[in-house]
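**Q** Submitted below is the structure of interest, expressed as structure tokens.
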Amino acid sequence: MRAAVMHDTNQSFTIENIQPRDPGPDDVVVRLEATGVCHSDISATRGFLRIAPPAVLGHEAAGVVEDIGSNVQGIVKGDRIVASLVPVCGNCYWCVNGQTHLCAETDAVRGTVRAELADGRPVTTMLGLGAFAEYMTIDRRLAVKIESELPSEQLALIGCGIATGAGAAMFTAKVSAGSSVAVIGCGGVGQSVIQGARLRGAARIIAVDPIALKRTVSLGLGATDTVDPTLADTAEQVRELTGGRGVDFAFEVVGSPATVTVAYECARRGGVVTTVGIPAPTARLDLPASDFFRAEKHLIGSYYGSTQVRSDFQRFVDLIEAGRLDAEGLITTRYGLDALPSAFTDLEAGHTIRGMVTFP
Ligand SMILES: [Zn+2]
Ligand SMILES: [Zn+2]
């Protein structure tokens, strides 16, 4: 099967034939129909997410079940699935306490080698998936069955951008009706935070991004105001829009300590700052400690939008079908697998919100 292989960090991909190993008893073979190109794929090429090359990246994916292992129940050939980034084992401390997004088995399902290069060397996959390929063989617990007629391109977005972004607003921060929100960084995940805030009934949603395309798209997805951080101090501009107070909810969707500080400055006294972006492994935060006391600011982390994939994926599908969550509006460019290097270049240059790889 054809796959985009990363042979080293800080390098582009080569499209080549790799040989899948036979699926194990708990595996599901998925024929990919669509895979989104996400900033965390770029983070993986830079070594921010440690994935040993040679590797197949791609983790925001939807497809059709082609084959199942002998232990697999509840999924049959022909089912439509969205790939989950977490397994939901159902037995660990977090799964039984309603935090399946923090499942303790997450690292365990990510390490298995399921394909080889033509020369026999083993190929690793991003997050146990590896969706920049015609097929992927994955642990059954990463395959979430979906009932829908929606195009796979829209379903794929649920698996990362929508879960991470809309989930951060809906499930982690629980944005309240009538509140004010600032979103720092408006790529595919940031635009999904904006939509999640809109779904929760926020009155004012301020999209902050230096790229004009991202500010323009945000206005169609629920933002009420935009801020260009290159024009003046971001927190000052946000305070001007909120009666001098700052916002009730600030979201950082870039993954850098500098923008966490900006989000922290944008929040009002008593406000909630939620970090969504993926920082470099060595990054540290430097915040004014006295504000935690004096201003009672709250700083919370969000992993995978606190999304409970077994129930919330279908909930996102229902919201898209009802026209209340716009998945198609996130997709700005489509690519064949061969054009994946251009998809990465376009994303890094800020020319796309979500590029989508589609498979004929
Ligand atoms: Zn992603
Ligand atoms: Zn678990």
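Convention: chains lettered A, B, ... in structure tokens order; per-chain residue numbering from 1; ligands numbered from 1 as shown.
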Write out as a list in words each polymer residue (protein, DNA or RNA) that has an atom no more than 6 Å from ligand 1, with only C-alpha atoms and all ligand atoms counted.

**A**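 The residues within 6 Å of ligand 1, counting only C-alpha atoms and all ligand atoms, are Cys38, Ser40, Glu60, Cys160 and Gly161 of chain A.
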
**Q** What's around Asp139 (chain A) at 8 Å? Count only C-alpha atoms, leave out sequence neighbours fewer than 6 positions away in its own chain, and write the answer as a VMD selection string.

**A** chain A and resid 26 to 28 87 109 128

**Q** With N, CA, C and O atoms retained, write the just-selected residues as a PDB file, in the first residue's frame.

**A**
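Listing of part_17.pdb after writing:
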ATOM      1  N   ASP A  26      -6.731  -8.150  18.068  1.00  0.00           N
ATOM      2  CA  ASP A  26      -7.447  -6.959  18.545  1.00  0.00           C
ATOM      3  C   ASP A  26      -7.343  -5.789  17.570  1.00  0.00           C
ATOM      4  O   ASP A  26      -7.616  -4.652  17.934  1.00  0.00           O
ATOM      5  N   ASP A  27      -6.941  -6.074  16.346  1.00  0.00           N
ATOM      6  CA  ASP A  27      -6.717  -4.996  15.373  1.00  0.00           C
ATOM      7  C   ASP A  27      -7.889  -4.832  14.406  1.00  0.00           C
ATOM      8  O   ASP A  27      -8.654  -5.770  14.144  1.00  0.00           O
ATOM      9  N   VAL A  28      -7.962  -3.626  13.880  1.00  0.00           N
ATOM     10  CA  VAL A  28      -8.937  -3.294  12.857  1.00  0.00           C
ATOM     11  C   VAL A  28      -8.168  -2.695  11.685  1.00  0.00           C
ATOM     12  O   VAL A  28      -7.318  -1.827  11.881  1.00  0.00           O
ATOM     13  N   PRO A  87      -7.487   5.382  23.627  1.00  0.00           N
ATOM     14  CA  PRO A  87      -8.119   4.083  23.434  1.00  0.00           C
ATOM     15  C   PRO A  87      -9.412   3.824  24.212  1.00  0.00           C
ATOM     16  O   PRO A  87     -10.236   3.038  23.778  1.00  0.00           O
ATOM     17  N   VAL A 109      -1.083   1.585  23.452  1.00  0.00           N
ATOM     18  CA  VAL A 109      -1.620   1.257  22.119  1.00  0.00           C
ATOM     19  C   VAL A 109      -0.850   1.954  20.998  1.00  0.00           C
ATOM     20  O   VAL A 109      -1.106   1.710  19.827  1.00  0.00           O
ATOM     21  N   GLY A 128      -0.344   5.668  17.193  1.00  0.00           N
ATOM     22  CA  GLY A 128      -0.949   4.355  16.944  1.00  0.00           C
ATOM     23  C   GLY A 128      -1.844   4.329  15.718  1.00  0.00           C
ATOM     24  O   GLY A 128      -2.555   3.351  15.489  1.00  0.00           O
TER      25      GLY A 128
END

**Q** Within 7 Å of ligand 2, counting only C-alpha atoms and all ligand atoms, which protein or nucleic acid residues do you find, written as a PyMOL selection string?

**A** chain A and resi 87-95+100+103-105

**Q** Here is a test: counting only C-alpha atoms, which residue of A:Arg121, A:Arg324, A:Arg80, A:His7 is nearest to Gly201 (chain A)?

**A**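 Closest residue, counting only C-alpha atoms: A:Arg324.
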
**Q** Could you pull out the strand (DSSP E or B) residues of region 26-210 of chain A from DSSP and send them as a short mmCIF file (atom, residue, chain, number, x, y, z; two decimals) with all heavy atoms, in the first residue's frame?

**A**
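Result written to selection_13.cif:
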data_model
loop_
_atom_site.label_atom_id
_atom_site.label_comp_id
_atom_site.auth_asym_id
_atom_site.auth_seq_id
_atom_site.Cartn_x
_atom_site.Cartn_y
_atom_site.Cartn_z
N ASP A 27 -6.94 -6.07 16.35
CA ASP A 27 -6.72 -5.00 15.37
C ASP A 27 -7.89 -4.83 14.41
O ASP A 27 -8.65 -5.77 14.14
CB ASP A 27 -5.45 -5.28 14.55
CG ASP A 27 -4.18 -5.08 15.36
OD1 ASP A 27 -4.28 -4.49 16.45
OD2 ASP A 27 -3.12 -5.51 14.89
N VAL A 28 -7.96 -3.63 13.88
CA VAL A 28 -8.94 -3.29 12.86
C VAL A 28 -8.17 -2.70 11.69
O VAL A 28 -7.32 -1.83 11.88
CB VAL A 28 -9.97 -2.27 13.40
CG1 VAL A 28 -10.89 -1.77 12.29
CG2 VAL A 28 -10.79 -2.87 14.53
N VAL A 29 -8.43 -3.18 10.48
CA VAL A 29 -7.81 -2.60 9.28
C VAL A 29 -8.80 -1.61 8.67
O VAL A 29 -9.96 -1.95 8.43
CB VAL A 29 -7.45 -3.69 8.25
CG1 VAL A 29 -6.79 -3.06 7.01
CG2 VAL A 29 -6.52 -4.72 8.87
N VAL A 30 -8.33 -0.38 8.48
CA VAL A 30 -9.21 0.69 8.00
C VAL A 30 -8.72 1.17 6.63
O VAL A 30 -7.53 1.46 6.47
CB VAL A 30 -9.21 1.88 8.98
CG1 VAL A 30 -10.10 3.01 8.46
CG2 VAL A 30 -9.65 1.43 10.37
N ARG A 31 -9.62 1.23 5.67
CA ARG A 31 -9.31 1.88 4.38
C ARG A 31 -9.60 3.36 4.54
O ARG A 31 -10.73 3.75 4.81
CB ARG A 31 -10.15 1.27 3.25
CG ARG A 31 -9.92 1.93 1.90
CD ARG A 31 -10.64 1.16 0.77
NE ARG A 31 -12.07 0.95 1.06
CZ ARG A 31 -13.01 1.88 0.90
NH1 ARG A 31 -12.70 3.09 0.47
NH2 ARG A 31 -14.28 1.61 1.18
N LEU A 32 -8.55 4.18 4.46
CA LEU A 32 -8.71 5.62 4.71
C LEU A 32 -9.51 6.26 3.59
O LEU A 32 -9.31 5.95 2.41
CB LEU A 32 -7.35 6.30 4.81
CG LEU A 32 -6.64 6.36 6.17
CD1 LEU A 32 -7.59 6.81 7.28
CD2 LEU A 32 -6.01 5.05 6.53
N GLU A 33 -10.40 7.16 3.96
CA GLU A 33 -11.11 7.99 2.97
C GLU A 33 -10.70 9.45 3.06
O GLU A 33 -10.74 10.16 2.06
CB GLU A 33 -12.63 7.85 3.17
CG GLU A 33 -13.12 6.47 2.76
CD GLU A 33 -14.62 6.38 2.64
OE1 GLU A 33 -15.34 7.12 3.35
OE2 GLU A 33 -15.10 5.54 1.84
N ALA A 34 -10.34 9.91 4.26
CA ALA A 34 -9.92 11.31 4.41
C ALA A 34 -9.04 11.44 5.65
O ALA A 34 -9.32 10.81 6.68
CB ALA A 34 -11.13 12.21 4.54
N THR A 35 -7.99 12.25 5.53
CA THR A 35 -7.10 12.53 6.67
C THR A 35 -6.75 14.02 6.66
O THR A 35 -6.24 14.53 5.67
CB THR A 35 -5.79 11.72 6.58
OG1 THR A 35 -6.12 10.32 6.47
CG2 THR A 35 -4.93 11.93 7.82
N GLY A 36 -7.04 14.69 7.76
CA GLY A 36 -6.72 16.11 7.88
C GLY A 36 -5.24 16.32 8.16
O GLY A 36 -4.57 15.45 8.72
N VAL A 37 -4.73 17.46 7.74
CA VAL A 37 -3.34 17.82 8.00
C VAL A 37 -3.34 18.86 9.12
O VAL A 37 -3.83 19.96 8.96
CB VAL A 37 -2.66 18.40 6.74
CG1 VAL A 37 -1.19 18.68 7.01
CG2 VAL A 37 -2.81 17.44 5.57
N ALA A 55 8.53 6.74 9.96
CA ALA A 55 7.19 6.76 10.54
C ALA A 55 6.17 7.26 9.53
O ALA A 55 6.50 8.01 8.62
CB ALA A 55 7.16 7.66 11.76
N VAL A 56 4.94 6.79 9.72
CA VAL A 56 3.81 7.33 8.96
C VAL A 56 3.01 8.21 9.92
O VAL A 56 2.56 7.74 10.97
CB VAL A 56 2.92 6.20 8.39
CG1 VAL A 56 1.72 6.80 7.65
CG2 VAL A 56 3.73 5.33 7.44
N GLU A 60 -5.84 12.50 12.01
CA GLU A 60 -7.20 13.05 12.01
C GLU A 60 -7.94 12.39 10.85
O GLU A 60 -7.92 12.90 9.73
CB GLU A 60 -7.11 14.57 11.83
CG GLU A 60 -8.44 15.28 11.95
CD GLU A 60 -8.28 16.78 11.76
OE1 GLU A 60 -8.08 17.22 10.62
OE2 GLU A 60 -8.34 17.50 12.76
N ALA A 61 -8.56 11.25 11.11
CA ALA A 61 -8.88 10.38 9.99
C ALA A 61 -10.25 9.73 10.11
O ALA A 61 -10.74 9.44 11.19
CB ALA A 61 -7.82 9.28 9.89
N ALA A 62 -10.82 9.48 8.93
CA ALA A 62 -12.06 8.70 8.85
C ALA A 62 -11.93 7.72 7.70
O ALA A 62 -11.26 7.99 6.70
CB ALA A 62 -13.26 9.62 8.63
N GLY A 63 -12.58 6.58 7.85
CA GLY A 63 -12.51 5.57 6.81
C GLY A 63 -13.50 4.46 7.04
O GLY A 63 -14.41 4.58 7.87
N VAL A 64 -13.28 3.37 6.30
CA VAL A 64 -14.20 2.24 6.32
C VAL A 64 -13.44 0.98 6.76
O VAL A 64 -12.32 0.75 6.30
CB VAL A 64 -14.82 2.04 4.91
CG1 VAL A 64 -15.71 0.81 4.88
CG2 VAL A 64 -15.59 3.28 4.50
N VAL A 65 -14.07 0.20 7.62
CA VAL A 65 -13.42 -1.01 8.12
C VAL A 65 -13.31 -2.04 6.99
O VAL A 65 -14.31 -2.38 6.34
CB VAL A 65 -14.21 -1.60 9.32
CG1 VAL A 65 -13.63 -2.94 9.75
CG2 VAL A 65 -14.21 -0.60 10.48
N GLU A 66 -12.09 -2.51 6.79
CA GLU A 66 -11.80 -3.44 5.69
C GLU A 66 -11.65 -4.87 6.22
O GLU A 66 -11.97 -5.83 5.54
CB GLU A 66 -10.49 -2.99 5.03
CG GLU A 66 -10.13 -3.69 3.75
CD GLU A 66 -10.94 -3.19 2.56
OE1 GLU A 66 -11.61 -2.15 2.68
OE2 GLU A 66 -10.91 -3.88 1.53
N ASP A 67 -11.16 -4.98 7.47
CA ASP A 67 -10.91 -6.31 8.04
C ASP A 67 -10.85 -6.16 9.56
O ASP A 67 -10.52 -5.07 10.06
CB ASP A 67 -9.57 -6.85 7.51
CG ASP A 67 -9.40 -8.35 7.78
OD1 ASP A 67 -10.39 -9.00 8.21
OD2 ASP A 67 -8.28 -8.86 7.58
N ILE A 68 -11.17 -7.23 10.30
CA ILE A 68 -11.08 -7.18 11.76
C ILE A 68 -10.38 -8.42 12.28
O ILE A 68 -10.44 -9.48 11.68
CB ILE A 68 -12.48 -7.06 12.43
CG1 ILE A 68 -13.40 -8.20 12.01
CG2 ILE A 68 -13.12 -5.70 12.16
CD1 ILE A 68 -14.69 -8.27 12.83
N ARG A 80 -18.33 2.55 9.19
CA ARG A 80 -17.59 3.80 9.08
C ARG A 80 -17.00 4.12 10.45
O ARG A 80 -17.68 3.99 11.47
CB ARG A 80 -18.51 4.95 8.67
CG ARG A 80 -19.24 4.69 7.39
CD ARG A 80 -19.97 5.93 6.94
NE ARG A 80 -19.05 6.88 6.30
CZ ARG A 80 -19.38 8.12 5.95
NH1 ARG A 80 -20.58 8.58 6.25
NH2 ARG A 80 -18.51 8.91 5.36
N ILE A 81 -15.76 4.51 10.47
CA ILE A 81 -15.14 4.84 11.75
C ILE A 81 -14.40 6.19 11.68
O ILE A 81 -13.95 6.62 10.63
CB ILE A 81 -14.17 3.74 12.26
CG1 ILE A 81 -12.93 3.64 11.38
CG2 ILE A 81 -14.84 2.39 12.37
CD1 ILE A 81 -11.71 4.21 12.04
N VAL A 82 -14.34 6.82 12.85
CA VAL A 82 -13.46 7.97 13.05
C VAL A 82 -12.36 7.50 14.00
O VAL A 82 -12.64 6.82 14.99
CB VAL A 82 -14.23 9.16 13.67
CG1 VAL A 82 -13.27 10.27 14.10
CG2 VAL A 82 -15.25 9.70 12.66
N ALA A 83 -11.12 7.84 13.69
CA ALA A 83 -10.00 7.43 14.53
C ALA A 83 -9.95 8.29 15.79
O ALA A 83 -10.05 9.51 15.71
CB ALA A 83 -8.69 7.56 13.75
N ALA A 115 3.69 -2.27 10.19
CA ALA A 115 4.05 -2.24 8.77
C ALA A 115 5.56 -2.18 8.64
O ALA A 115 6.28 -1.85 9.59
CB ALA A 115 3.41 -1.04 8.08
N GLU A 116 6.03 -2.51 7.43
CA GLU A 116 7.47 -2.49 7.15
C GLU A 116 7.73 -1.76 5.84
O GLU A 116 6.90 -1.79 4.93
CB GLU A 116 7.99 -3.94 6.99
CG GLU A 116 7.99 -4.72 8.29
CD GLU A 116 8.01 -6.23 8.05
OE1 GLU A 116 8.15 -6.66 6.88
OE2 GLU A 116 7.89 -6.96 9.05
N PRO A 122 11.14 -1.80 10.23
CA PRO A 122 9.83 -1.52 10.79
C PRO A 122 9.45 -0.04 10.70
O PRO A 122 10.32 0.83 10.78
CB PRO A 122 9.97 -1.94 12.26
CG PRO A 122 11.43 -1.95 12.53
CD PRO A 122 12.13 -2.22 11.23
N VAL A 123 8.16 0.22 10.51
CA VAL A 123 7.64 1.58 10.40
C VAL A 123 6.80 1.86 11.65
O VAL A 123 5.91 1.08 11.98
CB VAL A 123 6.75 1.72 9.15
CG1 VAL A 123 6.16 3.13 9.06
CG2 VAL A 123 7.53 1.40 7.89
N THR A 124 7.06 2.98 12.34
CA THR A 124 6.21 3.38 13.45
C THR A 124 5.08 4.27 12.92
O THR A 124 5.12 4.72 11.77
CB THR A 124 7.00 4.13 14.54
OG1 THR A 124 7.64 5.25 13.93
CG2 THR A 124 8.05 3.25 15.17
N THR A 125 4.09 4.51 13.77
CA THR A 125 2.97 5.34 13.34
C THR A 125 2.70 6.41 14.38
O THR A 125 3.00 6.24 15.56
CB THR A 125 1.67 4.52 13.17
OG1 THR A 125 1.41 3.83 14.40
CG2 THR A 125 1.79 3.54 12.03
N ALA A 133 -1.81 7.25 4.60
CA ALA A 133 -1.58 5.98 3.90
C ALA A 133 -2.93 5.48 3.40
O ALA A 133 -3.97 5.94 3.86
CB ALA A 133 -0.98 4.95 4.86
N TYR A 135 -4.18 2.54 3.80
CA TYR A 135 -4.79 1.72 4.86
C TYR A 135 -4.05 1.96 6.15
O TYR A 135 -2.86 2.31 6.15
CB TYR A 135 -4.72 0.22 4.52
CG TYR A 135 -5.51 -0.18 3.31
CD1 TYR A 135 -4.95 -0.08 2.03
CD2 TYR A 135 -6.82 -0.63 3.42
CE1 TYR A 135 -5.67 -0.43 0.90
CE2 TYR A 135 -7.55 -0.99 2.29
CZ TYR A 135 -6.97 -0.88 1.04
OH TYR A 135 -7.69 -1.23 -0.06
N MET A 136 -4.72 1.75 7.28
CA MET A 136 -4.00 1.72 8.56
C MET A 136 -4.58 0.56 9.38
O MET A 136 -5.77 0.28 9.33
CB MET A 136 -4.11 3.05 9.31
CG MET A 136 -5.50 3.46 9.72
SD MET A 136 -5.47 5.05 10.61
CE MET A 136 -7.25 5.24 10.92
N THR A 137 -3.67 -0.12 10.09
CA THR A 137 -4.07 -1.18 11.00
C THR A 137 -3.93 -0.63 12.41
O THR A 137 -2.84 -0.19 12.80
CB THR A 137 -3.18 -2.41 10.81
OG1 THR A 137 -3.27 -2.82 9.44
CG2 THR A 137 -3.62 -3.56 11.70
N ILE A 138 -5.05 -0.60 13.15
CA ILE A 138 -5.05 0.08 14.46
C ILE A 138 -5.70 -0.81 15.52
O ILE A 138 -6.45 -1.73 15.20
CB ILE A 138 -5.80 1.43 14.38
CG1 ILE A 138 -7.28 1.25 14.03
CG2 ILE A 138 -5.12 2.36 13.37
CD1 ILE A 138 -8.09 2.55 14.02
N ASP A 139 -5.38 -0.51 16.78
CA ASP A 139 -6.04 -1.18 17.89
C ASP A 139 -7.55 -0.90 17.81
O ASP A 139 -7.95 0.23 17.55
CB ASP A 139 -5.46 -0.63 19.20
CG ASP A 139 -5.94 -1.41 20.42
OD1 ASP A 139 -7.13 -1.27 20.78
OD2 ASP A 139 -5.13 -2.14 21.00
N ALA A 143 -10.80 2.77 17.16
CA ALA A 143 -11.76 2.88 16.05
C ALA A 143 -13.14 3.14 16.64
O ALA A 143 -13.73 2.28 17.29
CB ALA A 143 -11.77 1.58 15.24
N VAL A 144 -13.65 4.35 16.43
CA VAL A 144 -14.97 4.71 16.96
C VAL A 144 -15.98 4.64 15.83
O VAL A 144 -15.89 5.39 14.85
CB VAL A 144 -14.94 6.12 17.59
CG1 VAL A 144 -16.32 6.50 18.10
CG2 VAL A 144 -13.92 6.17 18.73
N LYS A 145 -16.94 3.72 15.99
CA LYS A 145 -17.95 3.52 14.95
C LYS A 145 -18.92 4.70 14.93
O LYS A 145 -19.36 5.18 15.98
CB LYS A 145 -18.71 2.23 15.25
CG LYS A 145 -19.75 1.87 14.22
CD LYS A 145 -20.41 0.55 14.60
CE LYS A 145 -21.66 0.36 13.76
NZ LYS A 145 -22.29 -0.93 14.05
N SER A 180 -17.89 36.18 27.67
CA SER A 180 -16.95 36.68 26.67
C SER A 180 -15.76 35.73 26.58
O SER A 180 -15.32 35.16 27.59
CB SER A 180 -16.47 38.09 27.04
OG SER A 180 -15.90 38.08 28.34
N VAL A 181 -15.27 35.56 25.35
CA VAL A 181 -14.24 34.54 25.07
C VAL A 181 -13.18 35.16 24.15
O VAL A 181 -13.53 35.89 23.22
CB VAL A 181 -14.89 33.32 24.37
CG1 VAL A 181 -13.84 32.32 23.90
CG2 VAL A 181 -15.90 32.64 25.27
N ALA A 182 -11.91 34.85 24.39
CA ALA A 182 -10.85 35.17 23.43
C ALA A 182 -10.14 33.89 23.04
O ALA A 182 -9.86 33.05 23.90
CB ALA A 182 -9.85 36.17 24.03
N VAL A 183 -9.88 33.73 21.75
CA VAL A 183 -9.19 32.54 21.26
C VAL A 183 -7.89 33.00 20.59
O VAL A 183 -7.92 33.70 19.57
CB VAL A 183 -10.07 31.76 20.26
CG1 VAL A 183 -9.34 30.52 19.75
CG2 VAL A 183 -11.39 31.36 20.93
N ILE A 184 -6.76 32.62 21.18
CA ILE A 184 -5.44 33.02 20.67
C ILE A 184 -4.93 31.91 19.76
O ILE A 184 -4.56 30.84 20.23
CB ILE A 184 -4.42 33.21 21.82
CG1 ILE A 184 -5.03 33.88 23.05
CG2 ILE A 184 -3.16 33.91 21.32
CD1 ILE A 184 -5.37 35.31 22.91
N ARG A 204 -19.78 37.07 23.27
CA ARG A 204 -18.71 37.77 22.56
C ARG A 204 -17.57 36.79 22.36
O ARG A 204 -17.09 36.21 23.34
CB ARG A 204 -18.24 38.94 23.42
CG ARG A 204 -17.38 39.90 22.72
CD ARG A 204 -18.05 41.26 22.78
NE ARG A 204 -17.59 42.13 21.75
CZ ARG A 204 -17.65 43.46 21.88
NH1 ARG A 204 -18.13 43.99 22.97
NH2 ARG A 204 -17.24 44.22 20.88
N ILE A 205 -17.16 36.61 21.13
CA ILE A 205 -16.06 35.68 20.84
C ILE A 205 -15.03 36.43 20.01
O ILE A 205 -15.30 36.83 18.88
CB ILE A 205 -16.56 34.42 20.10
CG1 ILE A 205 -17.65 33.70 20.91
CG2 ILE A 205 -15.38 33.48 19.82
CD1 ILE A 205 -18.32 32.54 20.17
N ILE A 206 -13.84 36.63 20.60
CA ILE A 206 -12.80 37.43 19.97
C ILE A 206 -11.73 36.50 19.40
O ILE A 206 -11.09 35.76 20.15
CB ILE A 206 -12.18 38.41 20.99
CG1 ILE A 206 -13.27 39.29 21.61
CG2 ILE A 206 -11.09 39.25 20.33
CD1 ILE A 206 -12.83 40.03 22.87
N ALA A 207 -11.56 36.53 18.09
CA ALA A 207 -10.56 35.68 17.43
C ALA A 207 -9.27 36.46 17.27
O ALA A 207 -9.27 37.54 16.68
CB ALA A 207 -11.08 35.24 16.06
N VAL A 208 -8.18 35.90 17.80
CA VAL A 208 -6.88 36.59 17.76
C VAL A 208 -5.94 35.80 16.87
O VAL A 208 -5.62 34.63 17.17
CB VAL A 208 -6.27 36.72 19.17
CG1 VAL A 208 -4.93 37.45 19.12
CG2 VAL A 208 -7.24 37.41 20.12
#
